[in-house]
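K.L.:
Quick one: the structure is below, questions incoming.
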Amino acid sequence: MREKAFVFYEQIRKLLGQRAPKIAIILGSGLGGLAQEIEEPLNIDYSSIEGFPKSTVAGHKGRLIVGKLSGKEVLCMQGRIHLYEGYQASQIADIIKMFKLLGIESLIVTNAAGSLHKEMAPGSLMLIKDHLNLSGFNPLIGPNDERFGPRFPGMSEIYTPPYRAKLKELAAKHHITLHEGVYCMLSGPAFETPAEVRMCQILGADANGMSTIPETTTAAYCGIKVLGISALTNYCTGIEGGNPSHEETLSTADKASANLTFLVKQFIGEL
Ligand code: HPA
């Protein structure tokens, strides 16, 4: 069977015409606001791409938007695909491989996450410096196509150090609180128990979420540079009385969205 990435690529390449984005953005739960800032948008609904997974979660629209942000051509996924929806990690990998075929060189990933520290308050942002994959799945499981990357890719620097340095510089310059830490992915959709939250803390996690790692692992494998930012939408279960819900995630993401949008636009302007 042909790699899904090629099937998606051929359909999308035709729709793009002269447009050739080198930057891709994936927007997390409740963080769709950035998409409204894209100029001269070309919208491509996931449902119009044959074989493309559909986004089934509230707060995730389900379309690609291609256009200009801070003067640069970008390809934005408004609405991501999660393991907890029943998708395979390899289906998420197919999308990132399609990015690679389109010529994407930089990937900016955002997500909503729960804070594991009382000092990292909901509403603030966390730059991802590394991750713990506790989802139970790796997106690269399956036959390897050497055209995308090696069978056993190294993962020593998924979250590109110069990108992190640039974002910290921008946050400091504009007085935006930006924590930095380790993002831990669990499959969800259930939020963690208090014991699971303690486990994540002991393992060295700083924020918990249910996404991102399939995308960033595949990007690193394909040689795409990655910037990852979490909007901390709540305290994890049991921390400062935390008892997360999807409603809290969406409403706090909305509040964090302005700073996130601002920083991402500044970052893209300097890429
Ligand atoms: N845990 C896991 N995923 C999340 C959380 C959380 O507390 N908040 C938003 N996504």
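We name chains A, B, ... following the order of the structure tokens; residues begin at 1 in each chain, and ligands are numbered from 1 as shown.
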Using only C-alpha atoms and all ligand atoms, what table do you get, as a Markdown table, when you list each residue of chain A with an atom no more than 6 Å from ligand 1, its nearest pair of atoms, and their distance in Å rounded to one decimal, rows by chain then rising number?

P.N.:
```
| residue | atom | partner | partner_atom_place_in_ligand_line | distance |
| --- | --- | --- | --- | --- |
| A:Ala112 | CA | ligand 1 | 9 (C) | 4.8 |
| A:Ala113 | CA | ligand 1 | 9 (C) | 3.7 |
| A:Gly114 | CA | ligand 1 | 7 (O) | 3.5 |
| A:Phe191 | CA | ligand 1 | 1 (N) | 5.1 |
| A:Asn208 | CA | ligand 1 | 2 (C) | 4.6 |
| A:Gly209 | CA | ligand 1 | 3 (N) | 3.3 |
| A:Met210 | CA | ligand 1 | 3 (N) | 5.0 |
| A:Thr233 | CA | ligand 1 | 8 (N) | 5.8 |
| A:Asn234 | CA | ligand 1 | 8 (N) | 5.8 |
| A:Cys236 | CA | ligand 1 | 7 (O) | 4.1 |
| A:Pro244 | CA | ligand 1 | 7 (O) | 5.6 |
| A:Thr249 | CA | ligand 1 | 9 (C) | 5.5 |
```

K.L.:
Would you mind exporting C-alpha atoms of the selected residues as a tab-separated table (two decimals), in the first residue's frame?

P.N.:
```
chain	number	residue	atom	x	y	z
A	112	ALA	CA	-3.36	22.91	26.43
A	113	ALA	CA	-1.77	21.23	29.45
A	114	GLY	CA	-2.19	20.81	33.19
A	191	PHE	CA	-7.67	13.12	33.34
A	208	ASN	CA	0.66	16.93	31.54
A	209	GLY	CA	-1.28	16.70	28.30
A	210	MET	CA	-2.82	14.31	25.80
A	233	THR	CA	-5.02	25.69	31.46
A	234	ASN	CA	-5.41	24.17	34.93
A	236	CYS	CA	-3.39	18.82	37.49
A	244	PRO	CA	-9.63	19.50	35.66
A	249	THR	CA	-9.31	23.78	29.64
```

K.L.:
Fewer than 3 positions away in the same chain doesn't count, so skip those; otherwise give me all residues within 6 Å of Pro139 in chain A, counting only C-alpha atoms, as a list in words.

P.N.:
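Everything that qualifies: Ala89, Ser90, Ala93 and Pro214 of chain A.
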
K.L.:
What's the 10 Å shell around Ser156 in chain A, counting only C-alpha atoms, without same-chain residues fewer than 3 positions away, as a list in words?

P.N.:
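Contacts, in chain order: Asp130, Pro153, Tyr159, Thr160 and Ala220 of chain A.
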
K.L.:
Can you write just those residues out, C-alpha atoms, as a tab-separated table (two decimals), in the first residue's frame?

P.N.:
```tsv
chain	number	residue	atom	x	y	z
A	130	ASP	CA	11.87	17.94	26.51
A	153	PRO	CA	16.21	8.14	15.11
A	159	TYR	CA	12.85	20.98	20.80
A	160	THR	CA	15.36	23.03	18.82
A	220	ALA	CA	12.42	15.25	14.72
```

K.L.:
Taking 3 positions as the minimum chain separation for residues in the same chain, which residues sit within 8 Å of range 29-38 of chain A when counting only C-alpha atoms? Answer as a CSV table (one decimal) with all heavy atoms, in the first residue's frame.

P.N.:
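The file below, part22.csv, is the result:
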```
chain,number,residue,atom,x,y,z
A,41,PRO,N,-6.2,33.8,3.6
A,41,PRO,CA,-6.3,32.4,4.0
A,41,PRO,C,-6.9,31.5,2.9
A,41,PRO,O,-7.9,31.9,2.2
A,41,PRO,CB,-7.2,32.4,5.2
A,41,PRO,CG,-8.1,33.6,5.1
A,41,PRO,CD,-7.2,34.6,4.4
A,59,GLY,N,-13.7,22.3,20.3
A,59,GLY,CA,-12.6,23.2,20.4
A,59,GLY,C,-11.5,23.0,19.3
A,59,GLY,O,-10.5,23.6,19.2
A,60,HIS,N,-11.8,21.9,18.5
A,60,HIS,CA,-10.9,21.6,17.4
A,60,HIS,C,-11.7,21.7,16.1
A,60,HIS,O,-12.5,20.8,15.8
A,60,HIS,CB,-10.3,20.2,17.6
A,60,HIS,CG,-9.2,20.2,18.6
A,60,HIS,ND1,-7.9,20.2,18.3
A,60,HIS,CD2,-9.3,20.1,20.0
A,60,HIS,CE1,-7.2,20.1,19.5
A,60,HIS,NE2,-8.0,20.0,20.5
A,65,ILE,N,-5.3,25.7,7.2
A,65,ILE,CA,-5.3,27.1,6.7
A,65,ILE,C,-4.0,27.5,6.2
A,65,ILE,O,-3.0,27.4,6.9
A,65,ILE,CB,-5.7,28.1,7.8
A,65,ILE,CG1,-7.0,27.6,8.5
A,65,ILE,CG2,-5.9,29.5,7.2
A,65,ILE,CD1,-7.4,28.4,9.8
A,66,VAL,N,-3.9,27.9,4.9
A,66,VAL,CA,-2.6,28.3,4.4
A,66,VAL,C,-2.7,29.8,4.1
A,66,VAL,O,-3.7,30.2,3.5
A,66,VAL,CB,-2.3,27.5,3.1
A,66,VAL,CG1,-0.9,27.8,2.6
A,66,VAL,CG2,-2.5,26.0,3.3
A,67,GLY,N,-1.7,30.5,4.5
A,67,GLY,CA,-1.8,32.0,4.3
A,67,GLY,C,-0.5,32.6,4.9
A,67,GLY,O,0.5,32.0,5.2
A,68,LYS,N,-0.6,34.0,5.2
A,68,LYS,CA,0.5,34.7,5.6
A,68,LYS,C,0.3,35.1,7.1
A,68,LYS,O,-0.7,35.6,7.5
A,68,LYS,CB,0.7,36.0,4.8
A,68,LYS,CG,1.1,35.7,3.4
A,68,LYS,CD,2.4,36.5,3.2
A,68,LYS,CE,3.1,36.0,1.9
A,68,LYS,NZ,3.0,36.8,0.8
A,69,LEU,N,1.4,34.9,7.9
A,69,LEU,CA,1.4,35.4,9.3
A,69,LEU,C,2.8,36.1,9.5
A,69,LEU,O,3.8,35.5,9.1
A,69,LEU,CB,1.3,34.2,10.2
A,69,LEU,CG,0.9,34.4,11.6
A,69,LEU,CD1,-0.5,35.1,11.7
A,69,LEU,CD2,0.8,33.0,12.4
A,76,CYS,N,-1.3,26.0,8.6
A,76,CYS,CA,-1.8,25.9,10.0
A,76,CYS,C,-2.8,24.7,10.1
A,76,CYS,O,-3.7,24.7,9.3
A,76,CYS,CB,-2.4,27.2,10.4
A,76,CYS,SG,-3.0,27.2,12.1
A,78,GLN,N,-5.7,23.7,12.2
A,78,GLN,CA,-6.7,24.1,13.2
A,78,GLN,C,-7.5,22.9,13.6
A,78,GLN,O,-8.5,22.6,12.9
A,78,GLN,CB,-7.6,25.3,12.7
A,78,GLN,CG,-8.3,25.9,13.8
A,78,GLN,CD,-9.2,27.1,13.3
A,78,GLN,OE1,-9.5,27.1,12.1
A,78,GLN,NE2,-9.6,28.0,14.2
A,79,GLY,N,-7.1,22.3,14.6
A,79,GLY,CA,-7.8,21.0,15.0
A,79,GLY,C,-6.8,19.9,14.8
A,79,GLY,O,-6.4,19.6,13.7
A,110,THR,N,1.4,23.9,19.5
A,110,THR,CA,0.8,24.4,20.8
A,110,THR,C,-0.1,23.3,21.4
A,110,THR,O,-0.7,22.5,20.6
A,110,THR,CB,0.1,25.7,20.6
A,110,THR,OG1,-1.1,25.5,19.8
A,110,THR,CG2,0.9,26.7,19.8
A,111,ASN,N,-0.3,23.4,22.7
A,111,ASN,CA,-1.3,22.5,23.3
A,111,ASN,C,-1.8,23.2,24.6
A,111,ASN,O,-1.2,24.1,25.1
A,111,ASN,CB,-0.7,21.1,23.6
A,111,ASN,CG,0.5,21.2,24.5
A,111,ASN,OD1,0.5,21.9,25.5
A,111,ASN,ND2,1.6,20.5,24.1
A,112,ALA,N,-2.9,22.6,25.1
A,112,ALA,CA,-3.4,22.9,26.4
A,112,ALA,C,-2.8,21.8,27.4
A,112,ALA,O,-2.8,20.6,27.0
A,112,ALA,CB,-4.9,22.9,26.4
A,249,THR,N,-10.4,23.7,30.6
A,249,THR,CA,-9.3,23.8,29.6
A,249,THR,C,-9.6,24.8,28.6
A,249,THR,O,-8.8,25.7,28.3
A,249,THR,CB,-9.2,22.4,29.0
A,249,THR,OG1,-8.8,21.4,30.0
A,249,THR,CG2,-8.1,22.4,27.9
A,250,LEU,N,-10.8,24.8,28.0
A,250,LEU,CA,-11.2,25.7,26.9
A,250,LEU,C,-11.2,27.1,27.4
A,250,LEU,O,-10.8,28.0,26.7
A,250,LEU,CB,-12.5,25.3,26.3
A,250,LEU,CG,-12.5,24.0,25.5
A,250,LEU,CD1,-13.9,23.7,24.9
A,250,LEU,CD2,-11.4,23.9,24.4
A,251,SER,N,-11.8,27.4,28.6
A,251,SER,CA,-12.0,28.8,29.0
A,251,SER,C,-10.6,29.4,29.4
A,251,SER,O,-10.3,30.5,29.1
A,251,SER,CB,-13.0,28.9,30.1
A,251,SER,OG,-12.5,28.5,31.3
A,253,ALA,N,-7.7,28.4,28.2
A,253,ALA,CA,-6.9,28.4,26.9
A,253,ALA,C,-7.3,29.7,26.2
A,253,ALA,O,-6.4,30.4,25.7
A,253,ALA,CB,-7.2,27.3,26.0
A,254,ASP,N,-8.5,30.1,26.3
A,254,ASP,CA,-9.0,31.3,25.6
A,254,ASP,C,-8.2,32.5,26.2
A,254,ASP,O,-7.8,33.4,25.5
A,254,ASP,CB,-10.5,31.5,25.9
A,254,ASP,CG,-11.1,32.5,24.9
A,254,ASP,OD1,-10.7,32.4,23.8
A,254,ASP,OD2,-11.9,33.3,25.4
A,257,SER,N,-4.5,32.6,25.2
A,257,SER,CA,-4.4,32.6,23.8
A,257,SER,C,-3.8,33.9,23.3
A,257,SER,O,-3.0,33.9,22.3
A,257,SER,CB,-5.8,32.4,23.2
A,257,SER,OG,-5.8,32.5,21.9
A,258,ALA,N,-4.1,35.1,23.9
A,258,ALA,CA,-3.6,36.3,23.4
A,258,ALA,C,-2.1,36.4,23.5
A,258,ALA,O,-1.4,36.7,22.5
A,258,ALA,CB,-4.2,37.5,24.2
A,261,THR,N,-0.6,33.8,20.9
A,261,THR,CA,-0.7,34.3,19.6
A,261,THR,C,0.4,35.4,19.3
A,261,THR,O,1.1,35.4,18.3
A,261,THR,CB,-2.1,34.9,19.3
A,261,THR,OG1,-3.0,33.9,19.5
A,261,THR,CG2,-2.2,35.5,17.9
```

K.L.:
Pick the closest to Ala207 in chain A from A:Met185, A:Ile176, A:Ile104, A:Ile81: which is it, counting only C-alpha atoms?

P.N.:
A:Met185

K.L.:
Find the spatial neighbours of range 223-229 of chain A, counting only C-alpha atoms, within a cut-off of 8 Å - ignore same-chain residues fewer than 6 positions away - and output them as a list of chain:residue names.

P.N.:
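Surrounding residues, per the criterion: A:Lys100, A:Ile104, A:Glu105, A:Ser106, A:Leu107, A:Ile108, A:Val109, A:Thr110, A:Asn111, A:Leu125, A:Met126, A:Leu127, A:Ile128, A:Lys129, A:Gly149, A:Ile158, A:Tyr159, A:Thr160, A:Tyr163, A:Arg164, A:Thr216.
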
K.L.:
For Leu132 in chain A, please output as a list in words all residues within 10 Å (counting only C-alpha atoms; exclusion window: fewer than 6 positions along the same chain).

P.N.:
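The neighbour list is Val182, Tyr183, Cys184, Met185, Leu186, Cys200, Leu203, Gly204, Ala205, Asp206, Asn208 and Ile213 of chain A.
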
K.L.:
Check the smallest atom-to-atom distance from each of A:Met98, A:Ala190, A:Ala219, A:Ile141 to Glu157 in chain A using only C-alpha atoms, then report the winner.

P.N.:
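Under the stated criterion, the closest residue is A:Ala219.
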
K.L.:
When you draw a straight line from CA of Leu27 in chain A to CA of Ala231 in chain A, how long is it in Å?

P.N.:
10.7 Å

K.L.:
Pull the helix (DSSP H, G or I) assignments for range 46-83 of chain A out of DSSP run on the backbone, and list those residues as a list of chain:residue names.

P.N.:
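The helix (DSSP H, G or I) subset of range 46-83 of chain A is A:Tyr46, A:Ser47, A:Ser48, A:Leu83.
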
K.L.:
Quick one: distance from CA of Lys118 in chain A to CA of Tyr235 in chain A in Å, one decimal?

P.N.:
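Separation between CA of Lys118 in chain A and CA of Tyr235 in chain A: 7.5 Å.
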
K.L.:
Measuring atom to atom with only C-alpha atoms, identify which of A:His82, A:Arg13, A:His179, A:Lys168 is nearest to Gly103 in chain A.

P.N.:
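Among A:His82, A:Arg13, A:His179, A:Lys168, it is A:Arg13 that comes nearest to Gly103 in chain A.
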
K.L.:
So, with only C-alpha atoms as the atoms that count, which of A:Lys72, A:Gln88, A:Gly238, A:Gly142 lies closest to Thr193 in chain A?

P.N.:
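The closest residue to Thr193 in chain A is A:Gly238.
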
K.L.:
Using only C-alpha atoms, determine which residues lie at most 9 Å from range 5-9 of chain A, disregarding the query and same-chain residues fewer than 6 positions distant; provide the list as an MDAnalysis selection string.

P.N.:
chainID A and resid 49:52 93:99 101:102

K.L.:
Mind giving me the straight-line distance from CA of Asn144 in chain A to CA of Thr217 in chain A in Å, one decimal?

P.N.:
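CA of Thr217 in chain A lies at a distance of 14.2 Å from CA of Asn144 in chain A.
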
K.L.:
I need the residues of range 28-73 of chain A that end up classed as strand (DSSP E or B) by DSSP on the backbone, written out as an MDAnalysis selection string.

P.N.:
chainID A and resid 39:45 63:69 72:73

K.L.:
Write the residues of the selection above to a file with C-alpha atoms, as an mmCIF file, in the first residue's frame.

P.N.:
```cif
data_model
loop_
_atom_site.group_PDB
_atom_site.id
_atom_site.type_symbol
_atom_site.label_atom_id
_atom_site.label_comp_id
_atom_site.auth_asym_id
_atom_site.auth_seq_id
_atom_site.Cartn_x
_atom_site.Cartn_y
_atom_site.Cartn_z
ATOM 1 C CA GLU A 39 -3.953 36.738 6.002
ATOM 2 C CA GLU A 40 -5.105 35.715 2.531
ATOM 3 C CA PRO A 41 -6.305 32.382 3.958
ATOM 4 C CA LEU A 42 -6.930 29.310 1.862
ATOM 5 C CA ASN A 43 -9.032 26.908 3.959
ATOM 6 C CA ILE A 44 -8.899 23.183 3.301
ATOM 7 C CA ASP A 45 -11.336 21.126 5.393
ATOM 8 C CA ARG A 63 -9.125 22.311 8.730
ATOM 9 C CA LEU A 64 -5.814 23.367 7.236
ATOM 10 C CA ILE A 65 -5.344 27.083 6.704
ATOM 11 C CA VAL A 66 -2.608 28.291 4.381
ATOM 12 C CA GLY A 67 -1.771 31.990 4.324
ATOM 13 C CA LYS A 68 0.519 34.714 5.644
ATOM 14 C CA LEU A 69 1.445 35.379 9.259
ATOM 15 C CA LYS A 72 5.698 34.508 6.116
ATOM 16 C CA GLU A 73 3.757 31.790 4.368
#
```
